[in-house]
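Here the structure comes first, spelled out in structure tokens, and everything after it is commentary.
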Amino acid sequence: MEPFVVSARKYRPQTFKDVVGQQAITNTLLNAIDNNHLAQALLFCGPRGVGKTTCARILAKKINQEGAVHTDEDFAFNIFELDAASNNSVDDIRNLIDQVRIPPQVGKYKVYIIDEVHMLSQSAFNAFLKTLEEPPKHAIFILATTEKHKIIPTILSRCQIFDFKRITVKDAANYLKYIAENQGIKADDDALHIIAQKADGAMRDALSIFDRVVSFSGKSLTRKAVTENLNVLDYDTYFSTTDLILSNNIPALLTLFNTTLSQGFEGHHFIAGLASHFRDLMVCLHQDTISLLEVGEEAKKKYLEQSKKTSSSFLLKAISLANDCDLKYKTSKNQRLLVELTLMQLASISYDGEKKNPESVALQNQTIGFIAPASFYKGDNAPTRVAPVIKTPVLTEVAEPKFETPSAPSMEIVPSTPEIHTVVTETPVEHPTIEIPNKEEELLVAPITESKAVEVTPVMEPAKKINIQIPSKRVSGLSLSSLQAKKEHEQQKRDGKKDEEQLPTEPFTEEEMQRHWADFVQILDDKGRKILASNLHSDVPKLKEGMYLCIQLPNDTMKKEVEREQYDLMEYLKEKLNNHSIQLNITVNEETAKKYAFTPEEKYQKLREKNPAIDLLRKEFDLDL
């Protein structure tokens with residue numbers, strides 16, 4: 001039985017042409033060798049499994065083949081590989097420097113490949129600086145690392161840097177297909193694409209996954225076998241999920257999610273894959289972005305077919321919801337409920353249900369009290385404005401008549417009971433307001449209290465423009481606009497014009513003023529306005545010069561409160577005292593604040609001033625405040 005060699009070693013590239021997905025770097029190295037422009041210190045950096053060490057070995061072999069007798073010789077004696085992860089001390093670097101001085105026995109160059117160079121210690125880097133900057137002519141250093149940011153700048157400045165990129169899904173799938181054909185394995189394109197996606201840009205990982213799946217499924221590599229072995233969700237699950245979302249089928253959607261969880265998949269994995277599925281549908285909407293879809297041909301047809309059922313607005317909203325769930329998943333205490341809520345929100349994006357237009361709801365059961373003027377119509381359809389005919393039956397006869405709703409073009413009002421006898425009067429009658437009702441309601445006319453039947457003959461009048469403003473929606477009583485309107489209304493009341501005749505200014509006594517003042521305070525207290533009542537009750541007003549009501553308050557805050565509400569107070573006093581010339585004068589005297597006791601100590605001092613025996617009581621019974 002021959003020993004098994006993993007594909008990552010068996011199919012390791014031997015020439016630059018075999019390297020997958022790094023054409024820019026391999027072409028640069030080939031041109032540098034051909035033109036003799038090869039630097040003596042190279043740094044290969046990039047993700048794992050993209051070909052850094054492979055390219056270093058190919059380069060070391062390639063530069064020694066120039067002028068060699070046997071082109072297939074590997075020149076193993078000229079290539080030295082050092083693992084910096086386990087040889088990272090200063091002594092290891094010093095041993096390397098000692099070896100560099102010895103010229104090669106065969107070939108032209110000695111190549112030193114230092115893998116995982118970022119693992120070297122700070123002192124080892126410093127010991128390596130001089131040799132790296134000025135190596136012997138026969139020595140070339142190739143450094144390889146996955147973490148370029150950990151290398152000190154003095155090393156970076158001495159090297160020619162090559163950044164290796166991740167291998168694309170397409171390149172990895174093509175190389176896997178080549179290997180499968182060499183091994184006689186029948187593999188589906190979709191299965192190879194899933195392996196390439198799982199490898200996340202690393203060719204070595206893709207080959208390792210390929211070997212594992214081949215061991216599971218044998219000579220036939222199917223998409224189902226790959227998904228089962230790799231424990232990944234098949235994209236058919238996401239196609240079914242999207243169809244249920246588009247059909248707003250929430251029960252079936254939750255059942256599908258429960259089935260997915262029962263298969264051992266996590267909710268986080270499900271929602272992240274669903275977001276990627278929506279992204280793939282999005283790139284299918286435009287012809288220029290279809291190339292961004294990294295799937296097989298059969299899967300691409302399914303994506304294109306399902307993308308036609310969606311819209312860009314739906315997919316944008318769906319991606320936003322799925323991505324938001326992905327971000328909140330780890331911090332959520334009920335992760336399953338979070339995913340289920342997201343699925344219900346996704347299924348409700350295109351579902352209107354019984355939603356109503358808020359403006360139609362706001363105007364429901366509202367009448368519009370106006371008649372469309374003639375200026376609303378154009379051309380020959382403009383009706384002639386006529387005064388409405390009002391007919392009132394005699395009380396001894398039948399009940400009040402009903403009127404038909406006037407039609408828009410003619411605006412005529414025709415009575416339904418023409419038998420009622422009427423008399424024509426010359427008394428001018430105001431035009432009543434006619435309300436246009438909703439839907440099937442009848443046209444109602446304001447009731448007339450006269451007992452005589454009255455008929456107003458039609459009077460031809462020129463049409464007048466009427467400025468009608470109809471609110472489009474309801475306004476909350478707590479909105480800024482309503483508060484502003486209320487404030488303006490109060491200001492208009494305060495600044496309203498007085499009658500031209502002289503207002504009364506009858507004399508009054510201080511006792512009368514104080515009595516009405518106390519009555520107003522009591523009214524405020526009954527209404528629940530305790531703070532304002534307390535402020536007005538804090539001092540007894542005094543009358544000066546027969547018209548000034550003077551009051552002292554202990555602080556500015558109380559003064560501002562009283563000034564803000566003084567209009568109602570003064571209107572009340574002017575009416576009760578029958579004197580409209582009185583004015584309120586408020587002053588602040590901070591000494592009056594001492595009269596008020598707020599803390600327990602202050603209250604105790606006030607009580608002790610009124611009754612010194614309280615202090616004796618406290619000492620006798622050893623009481624605390």
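By convention here, the chains of the structure tokens are called A, B, ... in the order presented, each chain's residues are numbered starting at 1, and ligands are numbered starting at 1 in the order presented.
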
inquiry  = Excluding Ile185 of chain A and its own-chain neighbours fewer than 6 positions away, which residues fall within 12 Å of it when counting only C-alpha atoms? Please give them as JSON, numbers by chain.
reply    = {"A": [176, 177, 178, 179, 192, 210, 211, 213, 214, 215, 217, 218, 219, 220, 221, 222]}

For the residues in the current selection, export all heavy atoms as a CSV table (one decimal), in the first residue's frame.
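The resulting out_0.csv:
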```csv
chain,number,residue,atom,x,y,z
A,176,LEU,N,-9.1,23.3,-8.6
A,176,LEU,CA,-9.7,22.1,-8.1
A,176,LEU,C,-10.3,21.2,-9.2
A,176,LEU,O,-10.2,19.9,-9.1
A,176,LEU,CB,-10.8,22.4,-7.0
A,176,LEU,CG,-10.3,23.1,-5.7
A,176,LEU,CD1,-11.5,23.5,-4.9
A,176,LEU,CD2,-9.4,22.1,-5.0
A,177,LYS,N,-10.9,21.8,-10.2
A,177,LYS,CA,-11.4,21.0,-11.3
A,177,LYS,C,-10.3,20.3,-12.0
A,177,LYS,O,-10.4,19.1,-12.5
A,177,LYS,CB,-12.2,21.9,-12.2
A,177,LYS,CG,-12.9,21.2,-13.4
A,177,LYS,CD,-13.7,22.2,-14.2
A,177,LYS,CE,-14.5,21.4,-15.3
A,177,LYS,NZ,-15.3,22.4,-16.1
A,178,TYR,N,-9.1,21.0,-12.2
A,178,TYR,CA,-8.0,20.4,-12.8
A,178,TYR,C,-7.5,19.2,-12.0
A,178,TYR,O,-7.1,18.1,-12.6
A,178,TYR,CB,-6.9,21.5,-13.0
A,178,TYR,CG,-5.5,20.9,-13.3
A,178,TYR,CD1,-5.2,20.5,-14.5
A,178,TYR,CD2,-4.5,21.0,-12.2
A,178,TYR,CE1,-3.9,20.0,-14.8
A,178,TYR,CE2,-3.3,20.5,-12.5
A,178,TYR,CZ,-2.9,20.0,-13.7
A,178,TYR,OH,-1.7,19.5,-14.0
A,179,ILE,N,-7.4,19.3,-10.7
A,179,ILE,CA,-6.9,18.2,-9.9
A,179,ILE,C,-7.9,17.1,-9.9
A,179,ILE,O,-7.5,15.9,-10.0
A,179,ILE,CB,-6.7,18.7,-8.4
A,179,ILE,CG1,-5.6,19.7,-8.4
A,179,ILE,CG2,-6.4,17.6,-7.5
A,179,ILE,CD1,-5.4,20.4,-7.0
A,192,LEU,N,-17.5,22.3,-6.3
A,192,LEU,CA,-16.2,22.9,-6.2
A,192,LEU,C,-16.2,24.3,-5.8
A,192,LEU,O,-15.3,24.8,-5.1
A,192,LEU,CB,-15.5,22.8,-7.6
A,192,LEU,CG,-15.2,21.3,-8.1
A,192,LEU,CD1,-14.6,21.3,-9.5
A,192,LEU,CD2,-14.3,20.6,-7.1
A,210,PHE,N,-10.8,19.5,-0.1
A,210,PHE,CA,-11.0,18.6,-1.3
A,210,PHE,C,-10.7,17.2,-0.9
A,210,PHE,O,-11.5,16.3,-1.2
A,210,PHE,CB,-10.2,19.1,-2.5
A,210,PHE,CG,-10.3,18.3,-3.7
A,210,PHE,CD1,-11.4,18.3,-4.5
A,210,PHE,CD2,-9.3,17.3,-4.0
A,210,PHE,CE1,-11.5,17.5,-5.6
A,210,PHE,CE2,-9.4,16.5,-5.1
A,210,PHE,CZ,-10.5,16.6,-5.9
A,211,ASP,N,-9.6,17.0,-0.3
A,211,ASP,CA,-9.2,15.6,0.1
A,211,ASP,C,-10.2,15.0,1.1
A,211,ASP,O,-10.6,13.8,1.0
A,211,ASP,CB,-7.8,15.7,0.8
A,211,ASP,CG,-6.7,15.9,-0.2
A,211,ASP,OD1,-7.0,15.7,-1.4
A,211,ASP,OD2,-5.6,16.3,0.2
A,213,VAL,N,-13.4,15.8,1.5
A,213,VAL,CA,-14.7,15.5,0.8
A,213,VAL,C,-14.6,14.3,-0.1
A,213,VAL,O,-15.5,13.5,-0.2
A,213,VAL,CB,-15.2,16.7,0.0
A,213,VAL,CG1,-16.5,16.4,-0.7
A,213,VAL,CG2,-15.5,17.9,1.0
A,214,VAL,N,-13.5,14.2,-0.8
A,214,VAL,CA,-13.2,13.0,-1.6
A,214,VAL,C,-13.2,11.7,-0.8
A,214,VAL,O,-13.8,10.7,-1.2
A,214,VAL,CB,-11.9,13.2,-2.4
A,214,VAL,CG1,-11.6,11.9,-3.1
A,214,VAL,CG2,-12.1,14.3,-3.5
A,215,SER,N,-12.6,11.8,0.4
A,215,SER,CA,-12.6,10.6,1.2
A,215,SER,C,-14.0,10.2,1.7
A,215,SER,O,-14.4,9.1,1.9
A,215,SER,CB,-11.8,10.8,2.5
A,215,SER,OG,-10.4,11.1,2.1
A,217,SER,N,-17.0,11.0,-0.2
A,217,SER,CA,-18.0,10.7,-1.3
A,217,SER,C,-17.4,9.8,-2.3
A,217,SER,O,-18.1,9.3,-3.2
A,217,SER,CB,-18.4,12.0,-1.9
A,217,SER,OG,-17.3,12.7,-2.4
A,218,GLY,N,-16.1,9.6,-2.3
A,218,GLY,CA,-15.5,8.7,-3.3
A,218,GLY,C,-15.2,9.4,-4.6
A,218,GLY,O,-14.8,10.6,-4.7
A,219,LYS,N,-15.5,8.8,-5.8
A,219,LYS,CA,-15.2,9.3,-7.1
A,219,LYS,C,-16.2,10.2,-7.6
A,219,LYS,O,-16.0,10.8,-8.7
A,219,LYS,CB,-15.0,8.1,-8.1
A,219,LYS,CG,-13.8,7.2,-7.8
A,219,LYS,CD,-12.5,8.0,-7.9
A,219,LYS,CE,-11.3,7.1,-7.7
A,219,LYS,NZ,-10.0,7.9,-7.9
A,220,SER,N,-17.3,10.4,-6.9
A,220,SER,CA,-18.4,11.3,-7.4
A,220,SER,C,-18.6,12.4,-6.3
A,220,SER,O,-19.0,12.1,-5.2
A,220,SER,CB,-19.7,10.5,-7.6
A,220,SER,OG,-20.7,11.4,-8.0
A,221,LEU,N,-18.2,13.6,-6.8
A,221,LEU,CA,-18.3,14.7,-5.8
A,221,LEU,C,-19.5,15.6,-6.1
A,221,LEU,O,-19.5,16.3,-7.1
A,221,LEU,CB,-17.0,15.6,-6.0
A,221,LEU,CG,-16.6,16.5,-4.8
A,221,LEU,CD1,-16.4,15.6,-3.5
A,221,LEU,CD2,-15.4,17.3,-5.1
A,222,THR,N,-20.6,15.5,-5.3
A,222,THR,CA,-21.8,16.2,-5.6
A,222,THR,C,-21.9,17.4,-4.6
A,222,THR,O,-21.3,17.4,-3.5
A,222,THR,CB,-23.0,15.3,-5.4
A,222,THR,OG1,-23.1,14.8,-4.1
A,222,THR,CG2,-22.9,14.1,-6.4
```

key: Residues of segment 295-338 of chain A in helix (DSSP H, G or I), written as a ChimeraX atom specification   = /A:297-307,312-328,335-338

Just want the 9 Å neighbourhood of Met344 of chain A, counted on only C-alpha atoms, with same-chain residues fewer than 5 positions away dropped. Output as a compact mmCIF listing (two decimals) with all heavy atoms, in the first residue's frame.
```
# COMPACT_ATOMS: atom_id res chain seq x y z
N ILE A 245 -40.44 34.49 1.97
CA ILE A 245 -40.46 35.90 2.34
C ILE A 245 -41.24 36.71 1.32
O ILE A 245 -42.05 37.57 1.67
CB ILE A 245 -39.02 36.43 2.49
CG1 ILE A 245 -38.35 35.83 3.74
CG2 ILE A 245 -39.00 37.96 2.57
CD1 ILE A 245 -36.89 36.17 3.88
N ASN A 248 -44.88 36.27 1.72
CA ASN A 248 -45.38 36.70 3.04
C ASN A 248 -45.92 35.53 3.87
O ASN A 248 -46.87 35.69 4.64
CB ASN A 248 -46.48 37.76 2.89
CG ASN A 248 -46.11 38.85 1.91
OD1 ASN A 248 -46.78 39.03 0.90
ND2 ASN A 248 -45.05 39.57 2.19
N ASN A 249 -45.31 34.37 3.72
CA ASN A 249 -45.77 33.16 4.43
C ASN A 249 -44.94 33.02 5.71
O ASN A 249 -43.93 32.31 5.74
CB ASN A 249 -45.60 31.94 3.53
CG ASN A 249 -46.34 30.74 4.07
OD1 ASN A 249 -46.71 30.69 5.25
ND2 ASN A 249 -46.56 29.75 3.22
N ILE A 250 -45.37 33.69 6.76
CA ILE A 250 -44.62 33.70 8.02
C ILE A 250 -44.64 32.33 8.70
O ILE A 250 -43.60 31.87 9.19
CB ILE A 250 -45.15 34.80 8.95
CG1 ILE A 250 -44.83 36.18 8.35
CG2 ILE A 250 -44.55 34.69 10.34
CD1 ILE A 250 -45.34 37.33 9.17
N LEU A 253 -42.23 30.07 7.06
CA LEU A 253 -40.88 30.60 7.23
C LEU A 253 -40.31 30.21 8.59
O LEU A 253 -39.14 29.81 8.70
CB LEU A 253 -40.92 32.12 7.08
CG LEU A 253 -39.58 32.86 6.99
CD1 LEU A 253 -38.79 32.39 5.78
CD2 LEU A 253 -39.83 34.36 6.89
N LEU A 254 -41.11 30.33 9.63
CA LEU A 254 -40.65 29.95 10.97
C LEU A 254 -40.42 28.44 11.06
O LEU A 254 -39.51 27.98 11.75
CB LEU A 254 -41.67 30.39 12.01
CG LEU A 254 -41.90 31.91 12.13
CD1 LEU A 254 -42.94 32.21 13.20
CD2 LEU A 254 -40.60 32.63 12.45
N VAL A 339 -33.76 36.19 15.63
CA VAL A 339 -33.78 35.76 14.22
C VAL A 339 -35.22 35.59 13.73
O VAL A 339 -35.55 36.00 12.61
CB VAL A 339 -32.99 34.44 14.06
CG1 VAL A 339 -33.04 33.96 12.62
CG2 VAL A 339 -31.55 34.63 14.50
N ILE A 349 -42.13 43.12 4.58
CA ILE A 349 -41.66 44.28 3.79
C ILE A 349 -42.63 44.59 2.66
O ILE A 349 -43.02 45.74 2.46
CB ILE A 349 -40.24 44.01 3.23
CG1 ILE A 349 -39.23 43.92 4.38
CG2 ILE A 349 -39.83 45.11 2.26
CD1 ILE A 349 -37.83 43.58 3.92
```

message = List the spatial neighbours of segment 531-545 of chain A as a count of residues only - criterion: any atom at most 12 Å away, only C-alpha atoms, same-chain residues fewer than 2 positions off excluded.
response = 58

key: Distance of atom CA of Ile155 of chain A from atom CA of Ser123 of chain A, expressed in Å to one decimal place   = 12.5 Å

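If you count only C-alpha atoms and ignore residues fewer than 2 places along the chain from segment 164-174 of chain A, what sits within 8 Å of it is Val20, Gly21, Gln22, Ile25, Phe44, Cys45, Gly46, Pro47, Val50, Gly51, Lys52, Phe162, Leu176, Lys177, Tyr178, Asp189, Leu192, His193, Ile195, Ala196, Gln197, Asp200, Gly201, Ala202, Met203, Ala206 and Glu294 of chain A.
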
Resulting file, chosen residues, N, CA and C atoms, as a PDB file, in the first residue's frame:
```
ATOM      1  N   VAL A  20      -1.221  29.591  -8.692  1.00  0.00           N
ATOM      2  CA  VAL A  20      -2.610  29.987  -8.933  1.00  0.00           C
ATOM      3  C   VAL A  20      -2.876  31.371  -8.351  1.00  0.00           C
ATOM      4  N   GLY A  21      -3.414  32.254  -9.162  1.00  0.00           N
ATOM      5  CA  GLY A  21      -3.921  33.545  -8.691  1.00  0.00           C
ATOM      6  C   GLY A  21      -2.898  34.579  -8.314  1.00  0.00           C
ATOM      7  N   GLN A  22      -1.614  34.398  -8.667  1.00  0.00           N
ATOM      8  CA  GLN A  22      -0.585  35.389  -8.320  1.00  0.00           C
ATOM      9  C   GLN A  22       0.207  35.769  -9.566  1.00  0.00           C
ATOM     10  N   ILE A  25       2.723  38.854  -9.413  1.00  0.00           N
ATOM     11  CA  ILE A  25       3.973  38.637  -8.684  1.00  0.00           C
ATOM     12  C   ILE A  25       4.903  37.700  -9.454  1.00  0.00           C
ATOM     13  N   PHE A  44       7.968  38.422   1.204  1.00  0.00           N
ATOM     14  CA  PHE A  44       6.693  37.925   0.701  1.00  0.00           C
ATOM     15  C   PHE A  44       5.689  37.957   1.863  1.00  0.00           C
ATOM     16  N   CYS A  45       4.651  38.760   1.728  1.00  0.00           N
ATOM     17  CA  CYS A  45       3.643  38.860   2.792  1.00  0.00           C
ATOM     18  C   CYS A  45       2.254  38.665   2.193  1.00  0.00           C
ATOM     19  N   GLY A  46       1.359  38.109   2.991  1.00  0.00           N
ATOM     20  CA  GLY A  46      -0.004  37.867   2.538  1.00  0.00           C
ATOM     21  C   GLY A  46      -0.678  36.830   3.400  1.00  0.00           C
ATOM     22  N   PRO A  47      -1.938  36.487   3.117  1.00  0.00           N
ATOM     23  CA  PRO A  47      -2.678  35.506   3.919  1.00  0.00           C
ATOM     24  C   PRO A  47      -2.059  34.119   3.819  1.00  0.00           C
ATOM     25  N   VAL A  50      -1.474  31.064   0.217  1.00  0.00           N
ATOM     26  CA  VAL A  50      -1.623  31.719  -1.085  1.00  0.00           C
ATOM     27  C   VAL A  50      -0.379  31.545  -1.952  1.00  0.00           C
ATOM     28  N   GLY A  51       0.689  30.862  -1.458  1.00  0.00           N
ATOM     29  CA  GLY A  51       1.842  30.558  -2.298  1.00  0.00           C
ATOM     30  C   GLY A  51       3.107  31.310  -1.965  1.00  0.00           C
ATOM     31  N   LYS A  52       3.258  31.819  -0.768  1.00  0.00           N
ATOM     32  CA  LYS A  52       4.471  32.583  -0.432  1.00  0.00           C
ATOM     33  C   LYS A  52       5.708  31.678  -0.403  1.00  0.00           C
ATOM     34  N   PHE A 162       6.636  42.162  -1.653  1.00  0.00           N
ATOM     35  CA  PHE A 162       5.639  41.604  -2.571  1.00  0.00           C
ATOM     36  C   PHE A 162       4.415  41.201  -1.741  1.00  0.00           C
ATOM     37  N   LEU A 176      -9.146  23.291  -8.624  1.00  0.00           N
ATOM     38  CA  LEU A 176      -9.713  22.070  -8.064  1.00  0.00           C
ATOM     39  C   LEU A 176     -10.289  21.174  -9.162  1.00  0.00           C
ATOM     40  N   LYS A 177     -10.870  21.788 -10.176  1.00  0.00           N
ATOM     41  CA  LYS A 177     -11.400  21.010 -11.295  1.00  0.00           C
ATOM     42  C   LYS A 177     -10.274  20.308 -12.043  1.00  0.00           C
ATOM     43  N   TYR A 178      -9.145  21.004 -12.187  1.00  0.00           N
ATOM     44  CA  TYR A 178      -7.970  20.405 -12.849  1.00  0.00           C
ATOM     45  C   TYR A 178      -7.458  19.198 -12.048  1.00  0.00           C
ATOM     46  N   ASP A 189     -19.646  21.434 -10.630  1.00  0.00           N
ATOM     47  CA  ASP A 189     -19.089  22.786 -10.524  1.00  0.00           C
ATOM     48  C   ASP A 189     -19.550  23.472  -9.242  1.00  0.00           C
ATOM     49  N   LEU A 192     -17.488  22.286  -6.283  1.00  0.00           N
ATOM     50  CA  LEU A 192     -16.154  22.887  -6.246  1.00  0.00           C
ATOM     51  C   LEU A 192     -16.217  24.348  -5.821  1.00  0.00           C
ATOM     52  N   HIS A 193     -17.264  25.052  -6.222  1.00  0.00           N
ATOM     53  CA  HIS A 193     -17.418  26.452  -5.801  1.00  0.00           C
ATOM     54  C   HIS A 193     -17.654  26.542  -4.298  1.00  0.00           C
ATOM     55  N   ILE A 195     -16.496  24.449  -2.067  1.00  0.00           N
ATOM     56  CA  ILE A 195     -15.193  24.213  -1.431  1.00  0.00           C
ATOM     57  C   ILE A 195     -14.320  25.455  -1.509  1.00  0.00           C
ATOM     58  N   ALA A 196     -14.321  26.108  -2.674  1.00  0.00           N
ATOM     59  CA  ALA A 196     -13.513  27.317  -2.838  1.00  0.00           C
ATOM     60  C   ALA A 196     -13.990  28.440  -1.923  1.00  0.00           C
ATOM     61  N   GLN A 197     -15.301  28.582  -1.755  1.00  0.00           N
ATOM     62  CA  GLN A 197     -15.822  29.608  -0.848  1.00  0.00           C
ATOM     63  C   GLN A 197     -15.463  29.291   0.595  1.00  0.00           C
ATOM     64  N   ASP A 200     -11.920  30.369   1.765  1.00  0.00           N
ATOM     65  CA  ASP A 200     -11.714  31.788   2.074  1.00  0.00           C
ATOM     66  C   ASP A 200     -10.391  32.307   1.517  1.00  0.00           C
ATOM     67  N   GLY A 201     -10.118  31.998   0.238  1.00  0.00           N
ATOM     68  CA  GLY A 201      -8.959  32.578  -0.439  1.00  0.00           C
ATOM     69  C   GLY A 201      -7.659  31.848  -0.233  1.00  0.00           C
ATOM     70  N   ALA A 202      -7.639  30.742   0.492  1.00  0.00           N
ATOM     71  CA  ALA A 202      -6.408  29.990   0.740  1.00  0.00           C
ATOM     72  C   ALA A 202      -6.442  28.704  -0.074  1.00  0.00           C
ATOM     73  N   MET A 203      -5.483  28.550  -0.996  1.00  0.00           N
ATOM     74  CA  MET A 203      -5.455  27.369  -1.860  1.00  0.00           C
ATOM     75  C   MET A 203      -5.107  26.114  -1.070  1.00  0.00           C
ATOM     76  N   ALA A 206      -8.210  24.926   0.520  1.00  0.00           N
ATOM     77  CA  ALA A 206      -9.117  24.352  -0.470  1.00  0.00           C
ATOM     78  C   ALA A 206      -8.708  22.918  -0.808  1.00  0.00           C
ATOM     79  N   GLU A 294     -20.009  34.879  -7.364  1.00  0.00           N
ATOM     80  CA  GLU A 294     -19.012  33.810  -7.378  1.00  0.00           C
ATOM     81  C   GLU A 294     -19.673  32.462  -7.087  1.00  0.00           C
TER      82      GLU A 294
END
```

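Nearest-residue note for Leu233 of chain A: choosing from A:Phe141, A:Phe80, A:Phe216, A:Phe257, the minimum distance belongs to A:Phe257, counting only C-alpha atoms.
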
Selection near Asp98 of chain A, 12 Å with only C-alpha atoms, sequence-local residues under 4 positions removed, as a ChimeraX atom specification = /A:91-94,102-103,128,131,135-136

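Using only C-alpha atoms for every distance, the candidate list A:Asn126, A:Tyr238, A:Asn31, A:Thr54 yields A:Asn126 as the residue closest to Asn88 of chain A.
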
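Straight-line separation from atom CA of Leu316 of chain A to atom CA of Ala299 of chain A: 21.7 Å.
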
message = Which residues are close to Asp205 of chain A, i.e. within 7 Å by only C-alpha atoms, leaving aside same-chain residues fewer than 4 positions away? Reply as a PyMOL selection string.
response = chain A and resi 49+199+209

Please write the residues from the selection above to a file, keeping N, CA, C and O atoms, as an mmCIF file, in the first residue's frame.
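The result, stored in selection_27.cif:
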```
data_model
loop_
_atom_site.group_PDB
_atom_site.id
_atom_site.type_symbol
_atom_site.label_atom_id
_atom_site.label_comp_id
_atom_site.auth_asym_id
_atom_site.auth_seq_id
_atom_site.Cartn_x
_atom_site.Cartn_y
_atom_site.Cartn_z
ATOM 1 N N GLY A 49 -1.615 30.202 2.937
ATOM 2 C CA GLY A 49 -1.972 29.301 1.853
ATOM 3 C C GLY A 49 -2.142 29.935 0.497
ATOM 4 O O GLY A 49 -2.869 29.395 -0.341
ATOM 5 N N ALA A 199 -12.845 27.773 1.626
ATOM 6 C CA ALA A 199 -11.409 27.967 1.827
ATOM 7 C C ALA A 199 -11.056 29.412 2.122
ATOM 8 O O ALA A 199 -9.981 29.687 2.673
ATOM 9 N N ILE A 209 -9.659 20.629 2.137
ATOM 10 C CA ILE A 209 -11.096 20.345 2.141
ATOM 11 C C ILE A 209 -11.444 19.366 1.027
ATOM 12 O O ILE A 209 -12.279 18.459 1.196
#
```

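Note that the spacing between atom CA of Ala127 of chain A and atom CA of Val90 of chain A amounts to 6.7 Å.
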
Report as JSON lines: every residue of segment 292-330 of chain A with an atom at most 9 Å from segment 274-278 of chain A, its closest pair of atoms, and their distance in Å to one decimal, counting only C-alpha atoms, with rows sorted by chain and ascending residue number.
```
{"residue": "A:Tyr303", "atom": "CA", "partner": "A:His277", "partner_atom": "CA", "distance": 8.9}
{"residue": "A:Leu315", "atom": "CA", "partner": "A:Phe278", "partner_atom": "CA", "distance": 6.2}
{"residue": "A:Leu316", "atom": "CA", "partner": "A:Phe278", "partner_atom": "CA", "distance": 8.4}
{"residue": "A:Ala318", "atom": "CA", "partner": "A:Phe278", "partner_atom": "CA", "distance": 7.1}
{"residue": "A:Ile319", "atom": "CA", "partner": "A:Ala275", "partner_atom": "CA", "distance": 5.5}
{"residue": "A:Ser320", "atom": "CA", "partner": "A:Ala275", "partner_atom": "CA", "distance": 8.4}
{"residue": "A:Leu321", "atom": "CA", "partner": "A:Ala275", "partner_atom": "CA", "distance": 8.6}
{"residue": "A:Ala322", "atom": "CA", "partner": "A:Ala275", "partner_atom": "CA", "distance": 5.4}
{"residue": "A:Asn323", "atom": "CA", "partner": "A:Ala275", "partner_atom": "CA", "distance": 6.4}
{"residue": "A:Asp326", "atom": "CA", "partner": "A:Ala275", "partner_atom": "CA", "distance": 8.6}
```
